[in-house]
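As structure tokens, the structure follows; a few thoughts come after it.
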Number of protein chains: 4
Amino acid sequence: MDATSKPASQPYGPQRQIEIYLGGLAGRKPLLPIALDKLEQRAREVLTPEAFDYIAGGAGGEDTMRANRDAFRRWRIVPRMLRDVARRDLTVELFGRRWPAPVMLGPVGVQGIIHPEAEVAVARAAAGLNIPFALSTVSSKSIEEVAAASGDTTRWFQLYPSKDPELTASMVRRAEQAGYSAIVVTLDTTMLAWRERDLDYPFLPFLNSQGLANYMTDPVFRSRLAVTPEQNPAAAVQQWVAIYSNPSFDWEQFRAVRRQTRLPLLLKGILHPEDARLARKWAADGIIVSNHGGRQVDGAIAALDALPAVVKAVEGSIPVLFDSGIRRGADALKALALGARAVLLARPYLWGLAAGGEQGVREVALNFLADFDLTLALSGYASCREVDGSLLTPA
Amino acid sequence: MDATSKPASQPYGPQRQIEIYLGGLAGRKPLLPIALDKLEQRAREVLTPEAFDYIAGGAGGEDTMRANRDAFRRWRIVPRMLRDVARRDLTVELFGRRWPAPVMLGPVGVQGIIHPEAEVAVARAAAGLNIPFALSTVSSKSIEEVAAASGDTTRWFQLYPSKDPELTASMVRRAEQAGYSAIVVTLDTTMLAWRERDLDYPFLPFLNSQGLANYMTDPVFRSRLAVTPEQNPAAAVQQWVAIYSNPSFDWEQFRAVRRQTRLPLLLKGILHPEDARLARKWAADGIIVSNHGGRQVDGAIAALDALPAVVKAVEGSIPVLFDSGIRRGADALKALALGARAVLLARPYLWGLAAGGEQGVREVALNFLADFDLTLALSGYASCREVDGSLLTPA
Amino acid sequence: MDATSKPASQPYGPQRQIEIYLGGLAGRKPLLPIALDKLEQRAREVLTPEAFDYIAGGAGGEDTMRANRDAFRRWRIVPRMLRDVARRDLTVELFGRRWPAPVMLGPVGVQGIIHPEAEVAVARAAAGLNIPFALSTVSSKSIEEVAAASGDTTRWFQLYPSKDPELTASMVRRAEQAGYSAIVVTLDTTMLAWRERDLDYPFLPFLNSQGLANYMTDPVFRSRLAVTPEQNPAAAVQQWVAIYSNPSFDWEQFRAVRRQTRLPLLLKGILHPEDARLARKWAADGIIVSNHGGRQVDGAIAALDALPAVVKAVEGSIPVLFDSGIRRGADALKALALGARAVLLARPYLWGLAAGGEQGVREVALNFLADFDLTLALSGYASCREVDGSLLTPA
Amino acid sequence: MDATSKPASQPYGPQRQIEIYLGGLAGRKPLLPIALDKLEQRAREVLTPEAFDYIAGGAGGEDTMRANRDAFRRWRIVPRMLRDVARRDLTVELFGRRWPAPVMLGPVGVQGIIHPEAEVAVARAAAGLNIPFALSTVSSKSIEEVAAASGDTTRWFQLYPSKDPELTASMVRRAEQAGYSAIVVTLDTTMLAWRERDLDYPFLPFLNSQGLANYMTDPVFRSRLAVTPEQNPAAAVQQWVAIYSNPSFDWEQFRAVRRQTRLPLLLKGILHPEDARLARKWAADGIIVSNHGGRQVDGAIAALDALPAVVKAVEGSIPVLFDSGIRRGADALKALALGARAVLLARPYLWGLAAGGEQGVREVALNFLADFDLTLALSGYASCREVDGSLLTPA
């Protein structure tokens with residue numbers, strides 16, 4: 001039995017660590033590298049250049065992608081000593097459910113270009129650790145397939161509002177029926193950004209029917225087609241191009257989604273505090289501060305730099321989550337200290353998926369949790385709930 | 001028919017993008033790389049080292065050239081969400097003419113060292129997209145040749161005031177007659193800067209009669225010569241060296257130009273707010289904030305850093321344009337947010353010219369416009385006119 | 001006789017220098033490179049990759065390790081001129097003992113992976129120069145062996161409080177009996193951090209019984225084992241894993257240590273001024289500001305950035321020492337100017353140990369002292385006691 | 001005739017430039033590269049590694065050497081337009097003599113390791129351009145030899161005060177008699193710094209009798225020796241080691257020098273404003289702000305960062321000159337804008353000396369002057385005297 005294959009129990013930190021070191025004595029190693037630069041290199045080796053760059057790249061000159069990482073370096077943790085941190089509580093509560101740690105595997109589309117098991121492998125890895133997972137609208141596996149792989153673990157559905165409101169409604173309905181417990185409405189991708197790496201191949205996987213599982217299985221979407229996608233895939237893609245994104249989507253249109261479901265609705269992509277105030281006004285249940293990992297507006301503010309003002313604007317009324325640039329435990333801890341309730345991990349678990357499928361995702365998540373747990377404890381905190389801005393000082 | 005050869009219609013963004021991705025499905029790619037680092041590399045491969053460095057280089061240690069780019073990174077866009085941006089209006093009005101986008105192909109001399117069709121290829125590409133183009137005094141094609149290639153598209157003439165005021169007057173007159181609709185008086189090159197790359201070859205193309213088309217065809221210039229340039233090119237160059245630049249050019253001498261023409265006169269190279277105030281006082285019609293792409297005063301302020309004070313100084317009385325460091329859509333958007341009415345693109349279109357002639361310039365312009373359109377829209381703005389300083393936050 | 005083998009007398013600076021230069025005339029060179037980058041490279045060549053990385057690495061992405069060095073660059077010395085600095089006094093007094101210079105060889109565990117003579121070689125080198133040395137709990141040589149090698153030179157014992165308080169008490173007792181004159185209680189390693197380099201081998205030397213000399217020779221530790229470590233080393237290691245670190249260690253538990261010994265107790269790892277105030281309250285005798293060389297909390301504040309607030313918090317009541325990032329004389333001088341009474345050197349002397357054993361440590365220490373002496377003098381100071389914040393200006 | 005061999009007349013800028021470009025047409029190039037990185041590379045190729053590193057290196061980790069350059073990048077020139085700069089006046093007056101430009105070739109010792117003609121070649125090049133030159137105490141050519149090569153061009157003598165005050169007095173006397181018009185007392189080198197590059201060879205040229213020309217020819221120095229240096233060079237070097245530097249040198253000892261001569265006395269190495277005030281009090285005639293090119297106190301403030309406070313402290317009572325980091329015209333212009341009356345050039349002319357002897361120094365000086373002239377003019381200034389802080393803005 002592999003040293004890393006036992007279900008992890010709380011706290012993740014020392015256990016994972018000792019498993020790895022003891023495994024080494026017994027001549028066993030984890031499947032994947034621990035160091036993130038090596039892990040990314042491994043992913044580069046196993047993926048096609050197109051797929052690797054699709055994950056790795058950002059919009060334009062990738063300035064915002066770099067800024068996302070730089071922003072973390074401008075906040076420094078000031079650890080506290082001589083506090084009893086032997087027993088840690090990493091849990092957080094969101095929308096009535098308790099998460100084992102303030103970490104979710106974030107929504108990323110078209111994972112079929114990374115691994116044949118795609119989002120199903122991710123969902124299984126998440127379920128194995130009881131870590132929440134968010135499924136993308138443009139996934140390679142359908143809402144229902146992923147639900148079946150998720151067991152009881154928290155799953156959210158990320159929604160790209162379509163030009164066709166009935167299709168949007170259908171997707172939300174399916175997510176509800178399949179046991180997804182919240183809807184994440186992504187706001188920052190009403191159009192696809194100018195991504196130089198992808199354009200240079202050119203590579204847009206959706207045009208090859210990849211990442212359209214939720215459309216191809218959707219009754220509304222299918223009803224719009226003259227013949228089935230199985231009969232004429234190209235026409236289905238054509239239809240997808242026509243309705244995929246909705247640059248008219250505004251607060252009024254959001255109201256329609258709001259009215260349709262009683263699930264919590266989170267708005268993903270909020271960066272301006274005024275939009276955070278509007279989110280409250282229009283009855284959103286949560287916000288995810290994000291710049292889409294630097295993939296949409298090149299030149300945009302680093303997501304972490306946008307977090308404090310958004311947190312301040314909502315005044316604690318609704319939870320604020322965070323993504324864009326999270327790589328290690330200290331990143332998550334800094335985001336929490338700046339007011340995030342939880343963070344979404346993305347590129348690192350995709351590297352794990354690329355290089356090791358379900359087991360790869362599992363290892364990446366375990367490593368991340370171990371690092372987070374240790375960083376929290378060594379900073380002098382035994383619980384995520386104790387963490388606030390006093391943990392940090394500007395660099 | 002090539003996927004990129006159709007005239008673009010507004011908005012440029014998604015159209016250009018989908019053309020490229022769909023072209024890829026059909027096995028077609030644009031002529032040139034999209035990513036700017038690859039495009040520059042392509043230009044390097046096709047040009048002589050002297051020509052490449054002439055474009056690429058700056059004054060002295062090229063510190064200002066780097067500072068120009070760094071300045072953009074210190075301003076960050078804060079995108080707004082949930083705004084209807086389905087229909088965008090990129091147009092701006094300048095001197096009674098409506099431009100399709102706040103972008104001009106800026107004046108760059110001696111393009112014959114880059115491509116045999118030189119400024120004529122650029123003018124044709126500009127005309128094909130209805131993008132304004134500014135012709136340099138020291139162009140490889142004459143005022144009249146370029147006018148003939150420009151059709152109805154807005155063309156401006158960039159003027160280096162000569163030591164010979166009658167020659168200056170003659171050039172302005174020819175530009176008027178050839179339908180140029182504004183004169184850009186460049187102020188920052190009354191002498192050529194100390195450019196180490198060029199000096200090390202040494203390479204100054206004008207001394208080989210390159211870039212002197214407007215002189216060789218000018219009646220006043222020719223009248224100063226004992227024999228025609230065709231008979232004695234070296235003597236013509238000698239004369240050019242004697243009168244080319246005018247380090248005495250001051251506000252009084254500017255008044256003479258002012259009196260000569262009713263065309264709008266823009267002053268290019270203003271960096272100090274006091275000079276902006278003087279520009280108003282001496283009846284200039286516009287300002288182009290620029291440090292000549294870092295090619296004149298090494299150690300000079302980054303052009304973008306100079307923009308806000310200049311904008312403030314003119315108090316909206318005359319339009320302020322911007323160049324020096326514009327590479328991508330976000331750069332243009334930032335300049336607009338800081339008060340520029342439009343921006344001038346330079347090095348990127350020269351790379352396009354080098355690597356692809358007219359089609360190369362066309363692709364670079366299309367890519368730039370697409371990127372700009374998408375960045376504007378994804379930032380939550382449907383019109384250039386809505387953009388102001390509230391779009392930005394300091395890094 | 002080698003030019004460098006004579007005991008150095010005060011001041012170290014010009015003597016060491018002239019020895020090297022005159023040695024060069026006679027065709028002799030020091031055993032090791034002087035330049036630290038070359039020295040580190042030499043260490044890399046002679047060590048196993050695991051051992052080199054164990055020394056070189058930090059926690060997580062090694063961001064704090066880099067920040068430690070960057071922090072020094074943000075303070076600049078403003079030298080004073082025309083002061084008589086012919087005779088310098090580098091001495092400092094700590095706990096009733098006069099040190100020849102404000103420099104100690106800091107505690108680093110498991111030096112047996114670097115050199116077979118390990119801490120004994122270091123202790124001999126320290127004794128040869130009368131430079132204080134601190135022995136780690138997890139050393140490769142025992143408290144008593146190192147004491148025997150140290151002669152009269154000041155030696156301190158660094159304590160990792162165990163989960164087994166009787167073991168902790170035994171270690172302190174042994175240190176007292178062996179003539180160690182102070183106890184350094186390390187606070188920041190109640191758990192081992194997530195160190196990607198080590199995890200990737202995986203390499204944790206303690207699991208191979210390395211670095212456990214003080215445990216294997218300890219009567220309390222041995223009494224906990226069913227059979228002797230010699231009979232069953234694996235079981236001893238198992239026991240070590242169980243009791244090594246104590247994440248419950250808090251101020252109350254510190255009180256037990258405090259009550260046990262009359263030796264000065266220093267708290268190592270304090271970074272927050274509030275913890276410095278608590279240190280006074282709970283009767284610590286000194287503080288060592290440190291982030292463990294960036295090896296524990298990645299993302300933590302640079303140690304030098306934490307120093308001024310800690311110094312301010314203790315108001316001179318107890319001495320504050322410093323480590324984490326000290327490489328050269330100017331680093332030590334800056335730390336002193338910011339309020340440190342002395343600094344602890346670590347990685348550089350380990351490179352010396354790796355590449356040259358005792359002689360290597362000796363050379364590194366001599367070089368460091370020479371550099372410090374010269375930097376002090378050339379800054380216009382003849383005594384460490386004169387140094388204060390007026391020496392520095394922010395960059 | 002070589003294009004660069006004509007004596008330059010004022011203004012240097014366009015002339016030098018056009019000579020190079022026209023020379024290129026005729027197939028002639030300057031002897032040396034113009035670009036400083038290429039010039040330094042050329043020097044590296046022709047020098048021994050020891051000699052190259054002796055010039056290139058700094059103290060310790062060379063942090064201050066880098067800081068010197070970085071400091072220039074934090075000040076940006078804001079050029080003014082539309083000013084008549086056709087006729088420039090680069091001259092400055094110092095101690096009753098008019099310099100053709102605010103630039104001196106600074107004192108650097110032991111140039112015999114760079115070129116056999118050493119300081120004599122430099123003096124000839126300086127004289128050919130009428131540029132002032134300062135001779136080092138530890139030169140490879142004597143006070144009198146260099147005077148003979150200098151003609152009427154301003155020459156200063158740089159003094160390292162000796163432990164032997166009569167020797168100091170003798171050197172000053174010889175300088176007076178040989179027509180040196182000022183004495184530069186270097187304060188920052190009462191001991192040689194810890195220079196890792198030199199120590200690693202080890203290489204200290206003086207120990208091989210290099211750079212001791214002024215000592216070997218000095219009657220006082222010779223009188224201290226039992227036998228002549230020619231008979232026993234090693235004993236002479238020994239004596240030099242004993243008396244070369246004087247770490248006791250303080251204001252009282254400076255008074256003795258002050259009393260000895262009526263020549264202007266400049267203090268070189270002042271970085272603290274309080275020392276600048278003391279310089280006035282003790283009747284110094286000028287100050288040279290310098291950190292010895294980063295060769296003495298590693299970690300010291302960048303020289304340019306020290307300049308404004310020193311200028312402010314002297315309140316215009318005595319001239320302040322500047323060195324440490326000057327590479328190009330813009331550097332000189334920035335130093336002038338911050339209050340320096342003139343700057344001293346060092347490493348660049350040494351590269352010229354290495355690669356081209358007298359002609360190399362000449363070219364470097366011409367290039368520097370051309371760059372300075374053009375940068376001044378293109379910034380909108382026709383005279384050095386007009387330059388003040390309003391030229392600059394912080395980056």
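Residues are named by chain letter and number: chains run A, B, ... in the order of the structure tokens, numbers start at 1 in each chain, and ligands are numbered from 1 in the order shown.
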**Q.** Within 6 Å of chain C: residues of chain D, using only C-alpha atoms, as a PyMOL selection string
**A.** chain D and resi 194+196+200+202+247-251+297+299-301
Q) Could you pull the residues within 8 Å of Asp188 in chain D, counting only C-alpha atoms, minus those fewer than 6 positions along the same chain, as a list in words? A)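 The residues satisfying every condition are Met81 and Leu378 of chain C; Lys268, Gly269, Ile270, Asn291, His292 and Gln296 of chain D.
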Q) Do you know which residues are at most 9 Å from Arg341 in chain D counting only C-alpha atoms, after dropping those on the same chain fewer than 3 positions away, and could you put them as a PyMOL selection string? A) chain D and resi 92-94+102+319-322+335-336+384-385
Q: State, in Å with one decimal place, the distance from CA of Leu304 in chain A to CA of Leu369 in chain B.
A: 29.2 Å
**Q.** Separation of CA of Leu266 in chain D from CA of Ala193 in chain D in Å
**A.** 22.0 Å
Q: Within range 193-296 of chain A, find each residue whose DSSP state, derived from the backbone, is alpha helix (DSSP H), and express the selection as an MDAnalysis selection string.
A: chainID A and resid 196:200 213:216 219:223 233:243 251:260 273:281
Would you pick out the contacts of Val314 in chain A at 10 Å or less, using only C-alpha atoms, so that residues sharing its chain but fewer than 2 positions from it are not included, and give the list as a PDB file with N, CA, C and O atoms, in the first residue's frame?
ATOM      1  N   PRO A 273     -14.612  47.589  -5.182  1.00  0.00           N
ATOM      2  CA  PRO A 273     -15.481  47.592  -3.988  1.00  0.00           C
ATOM      3  C   PRO A 273     -16.907  48.048  -4.303  1.00  0.00           C
ATOM      4  O   PRO A 273     -17.844  47.591  -3.644  1.00  0.00           O
ATOM      5  N   GLU A 274     -17.068  48.891  -5.301  1.00  0.00           N
ATOM      6  CA  GLU A 274     -18.419  49.313  -5.649  1.00  0.00           C
ATOM      7  C   GLU A 274     -19.226  48.128  -6.168  1.00  0.00           C
ATOM      8  O   GLU A 274     -20.421  47.997  -5.866  1.00  0.00           O
ATOM      9  N   ASP A 275     -18.586  47.262  -6.933  1.00  0.00           N
ATOM     10  CA  ASP A 275     -19.287  46.052  -7.384  1.00  0.00           C
ATOM     11  C   ASP A 275     -19.611  45.129  -6.206  1.00  0.00           C
ATOM     12  O   ASP A 275     -20.617  44.415  -6.236  1.00  0.00           O
ATOM     13  N   ALA A 276     -18.763  45.151  -5.191  1.00  0.00           N
ATOM     14  CA  ALA A 276     -19.055  44.350  -3.992  1.00  0.00           C
ATOM     15  C   ALA A 276     -20.308  44.878  -3.306  1.00  0.00           C
ATOM     16  O   ALA A 276     -21.173  44.110  -2.855  1.00  0.00           O
ATOM     17  N   ARG A 277     -20.421  46.202  -3.248  1.00  0.00           N
ATOM     18  CA  ARG A 277     -21.629  46.780  -2.654  1.00  0.00           C
ATOM     19  C   ARG A 277     -22.866  46.422  -3.479  1.00  0.00           C
ATOM     20  O   ARG A 277     -23.929  46.101  -2.938  1.00  0.00           O
ATOM     21  N   LEU A 278     -22.709  46.473  -4.787  1.00  0.00           N
ATOM     22  CA  LEU A 278     -23.829  46.098  -5.651  1.00  0.00           C
ATOM     23  C   LEU A 278     -24.194  44.625  -5.470  1.00  0.00           C
ATOM     24  O   LEU A 278     -25.372  44.252  -5.537  1.00  0.00           O
ATOM     25  N   ALA A 279     -23.205  43.795  -5.248  1.00  0.00           N
ATOM     26  CA  ALA A 279     -23.484  42.378  -5.028  1.00  0.00           C
ATOM     27  C   ALA A 279     -24.405  42.189  -3.830  1.00  0.00           C
ATOM     28  O   ALA A 279     -25.344  41.383  -3.866  1.00  0.00           O
ATOM     29  N   ARG A 280     -24.149  42.924  -2.773  1.00  0.00           N
ATOM     30  CA  ARG A 280     -25.047  42.860  -1.615  1.00  0.00           C
ATOM     31  C   ARG A 280     -26.445  43.338  -1.995  1.00  0.00           C
ATOM     32  O   ARG A 280     -27.440  42.712  -1.665  1.00  0.00           O
ATOM     33  N   LYS A 281     -26.455  44.472  -2.671  1.00  0.00           N
ATOM     34  CA  LYS A 281     -27.736  45.084  -3.015  1.00  0.00           C
ATOM     35  C   LYS A 281     -28.588  44.137  -3.854  1.00  0.00           C
ATOM     36  O   LYS A 281     -29.814  44.056  -3.675  1.00  0.00           O
ATOM     37  N   GLY A 286     -22.500  35.546  -1.909  1.00  0.00           N
ATOM     38  CA  GLY A 286     -21.067  35.495  -1.660  1.00  0.00           C
ATOM     39  C   GLY A 286     -20.322  36.091  -2.836  1.00  0.00           C
ATOM     40  O   GLY A 286     -20.894  36.308  -3.913  1.00  0.00           O
ATOM     41  N   ILE A 287     -19.053  36.351  -2.612  1.00  0.00           N
ATOM     42  CA  ILE A 287     -18.198  36.944  -3.641  1.00  0.00           C
ATOM     43  C   ILE A 287     -16.920  36.132  -3.724  1.00  0.00           C
ATOM     44  O   ILE A 287     -16.404  35.677  -2.687  1.00  0.00           O
ATOM     45  N   ALA A 309     -10.272  45.857  -0.026  1.00  0.00           N
ATOM     46  CA  ALA A 309     -11.351  46.828  -0.256  1.00  0.00           C
ATOM     47  C   ALA A 309     -12.683  46.127  -0.466  1.00  0.00           C
ATOM     48  O   ALA A 309     -13.736  46.637  -0.062  1.00  0.00           O
ATOM     49  N   VAL A 310     -12.662  44.976  -1.106  1.00  0.00           N
ATOM     50  CA  VAL A 310     -13.911  44.223  -1.288  1.00  0.00           C
ATOM     51  C   VAL A 310     -14.422  43.727   0.062  1.00  0.00           C
ATOM     52  O   VAL A 310     -15.614  43.839   0.373  1.00  0.00           O
ATOM     53  N   VAL A 311     -13.522  43.194   0.866  1.00  0.00           N
ATOM     54  CA  VAL A 311     -13.920  42.720   2.203  1.00  0.00           C
ATOM     55  C   VAL A 311     -14.521  43.867   3.000  1.00  0.00           C
ATOM     56  O   VAL A 311     -15.547  43.716   3.665  1.00  0.00           O
ATOM     57  N   LYS A 312     -13.873  45.007   2.923  1.00  0.00           N
ATOM     58  CA  LYS A 312     -14.371  46.173   3.671  1.00  0.00           C
ATOM     59  C   LYS A 312     -15.758  46.564   3.164  1.00  0.00           C
ATOM     60  O   LYS A 312     -16.648  46.902   3.959  1.00  0.00           O
ATOM     61  N   GLY A 316     -18.805  42.215   6.141  1.00  0.00           N
ATOM     62  CA  GLY A 316     -19.119  40.953   6.802  1.00  0.00           C
ATOM     63  C   GLY A 316     -20.487  40.387   6.469  1.00  0.00           C
ATOM     64  O   GLY A 316     -20.876  39.331   6.983  1.00  0.00           O
ATOM     65  N   SER A 317     -21.222  41.063   5.597  1.00  0.00           N
ATOM     66  CA  SER A 317     -22.593  40.622   5.326  1.00  0.00           C
ATOM     67  C   SER A 317     -22.632  39.302   4.563  1.00  0.00           C
ATOM     68  O   SER A 317     -23.548  38.501   4.765  1.00  0.00           O
ATOM     69  N   ILE A 318     -21.696  39.099   3.692  1.00  0.00           N
ATOM     70  CA  ILE A 318     -21.634  37.856   2.921  1.00  0.00           C
ATOM     71  C   ILE A 318     -20.175  37.415   2.873  1.00  0.00           C
ATOM     72  O   ILE A 318     -19.263  38.242   2.980  1.00  0.00           O
ATOM     73  N   PRO A 319     -19.936  36.120   2.719  1.00  0.00           N
ATOM     74  CA  PRO A 319     -18.548  35.661   2.689  1.00  0.00           C
ATOM     75  C   PRO A 319     -17.848  36.058   1.396  1.00  0.00           C
ATOM     76  O   PRO A 319     -18.461  36.103   0.332  1.00  0.00           O
ATOM     77  N   VAL A 320     -16.566  36.336   1.545  1.00  0.00           N
ATOM     78  CA  VAL A 320     -15.704  36.657   0.403  1.00  0.00           C
ATOM     79  C   VAL A 320     -14.680  35.547   0.275  1.00  0.00           C
ATOM     80  O   VAL A 320     -13.961  35.253   1.235  1.00  0.00           O
TER      81      VAL A 320
END
Q | Coordinates-based distance that separates CA of Ala67 in chain D from CA of Thr137 in chain D (Å, one decimal) | A | 27.0 Å
Q: Go through range 192-374 of chain A and collect every residue that DSSP, computed from the backbone, puts in strand (DSSP E); the answer should be as a list in words.
A: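 DSSP on the backbone gives strand (DSSP E) at Leu265, Leu266, Leu267, Lys268, Gly269, Ile270, Gly286, Ile287, Ile288, Val289, Val320, Leu321, Phe322, Ala342, Val343, Leu344 and Leu345 of chain A.
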Q: Determine, counting only C-alpha atoms, which protein, DNA and RNA residues have an atom within 10 Å of an atom of range 219-225 of chain D; residues of the same chain fewer than 4 positions away are not included. Present the result as a list in words.
A: Asp164, Pro165, Glu166, Leu167, Thr168, Ala169, Ser170, Met171, Asn214, Tyr215, Pro229, Asn232, Ala235, Ala236, Gln238, Gln239, Trp240 and Ile243 of chain D
Please produce a file of the residues just selected, as a compact mmCIF listing (two decimals), in the first residue's frame, where the atoms kept are C-alpha atoms.
# COMPACT_ATOMS: atom_id res chain seq x y z
CA ASP D 164 54.46 59.52 8.29
CA PRO D 165 53.43 63.20 8.25
CA GLU D 166 56.69 64.28 6.70
CA LEU D 167 56.05 62.00 3.78
CA THR D 168 52.60 63.50 3.39
CA ALA D 169 54.15 66.94 3.44
CA SER D 170 56.72 65.92 0.87
CA MET D 171 54.08 64.67 -1.52
CA ASN D 214 55.52 58.42 -5.95
CA TYR D 215 57.01 56.67 -2.96
CA PRO D 229 64.51 50.71 -3.18
CA ASN D 232 66.15 46.19 -1.85
CA ALA D 235 62.24 46.33 2.12
CA ALA D 236 60.79 49.39 0.42
CA GLN D 238 57.63 46.62 3.66
CA GLN D 239 58.11 50.26 4.58
CA TRP D 240 55.23 51.24 2.33
CA ILE D 243 53.17 53.84 6.50
**Q.** Near-Phe133 in chain B list (12 Å; only C-alpha atoms; drop same-chain fewer than 2 positions) as a ChimeraX atom specification
**A.** /B:99,102-108,119-131,135-136,146-147,149-158,180-184,343-346,349,361,365
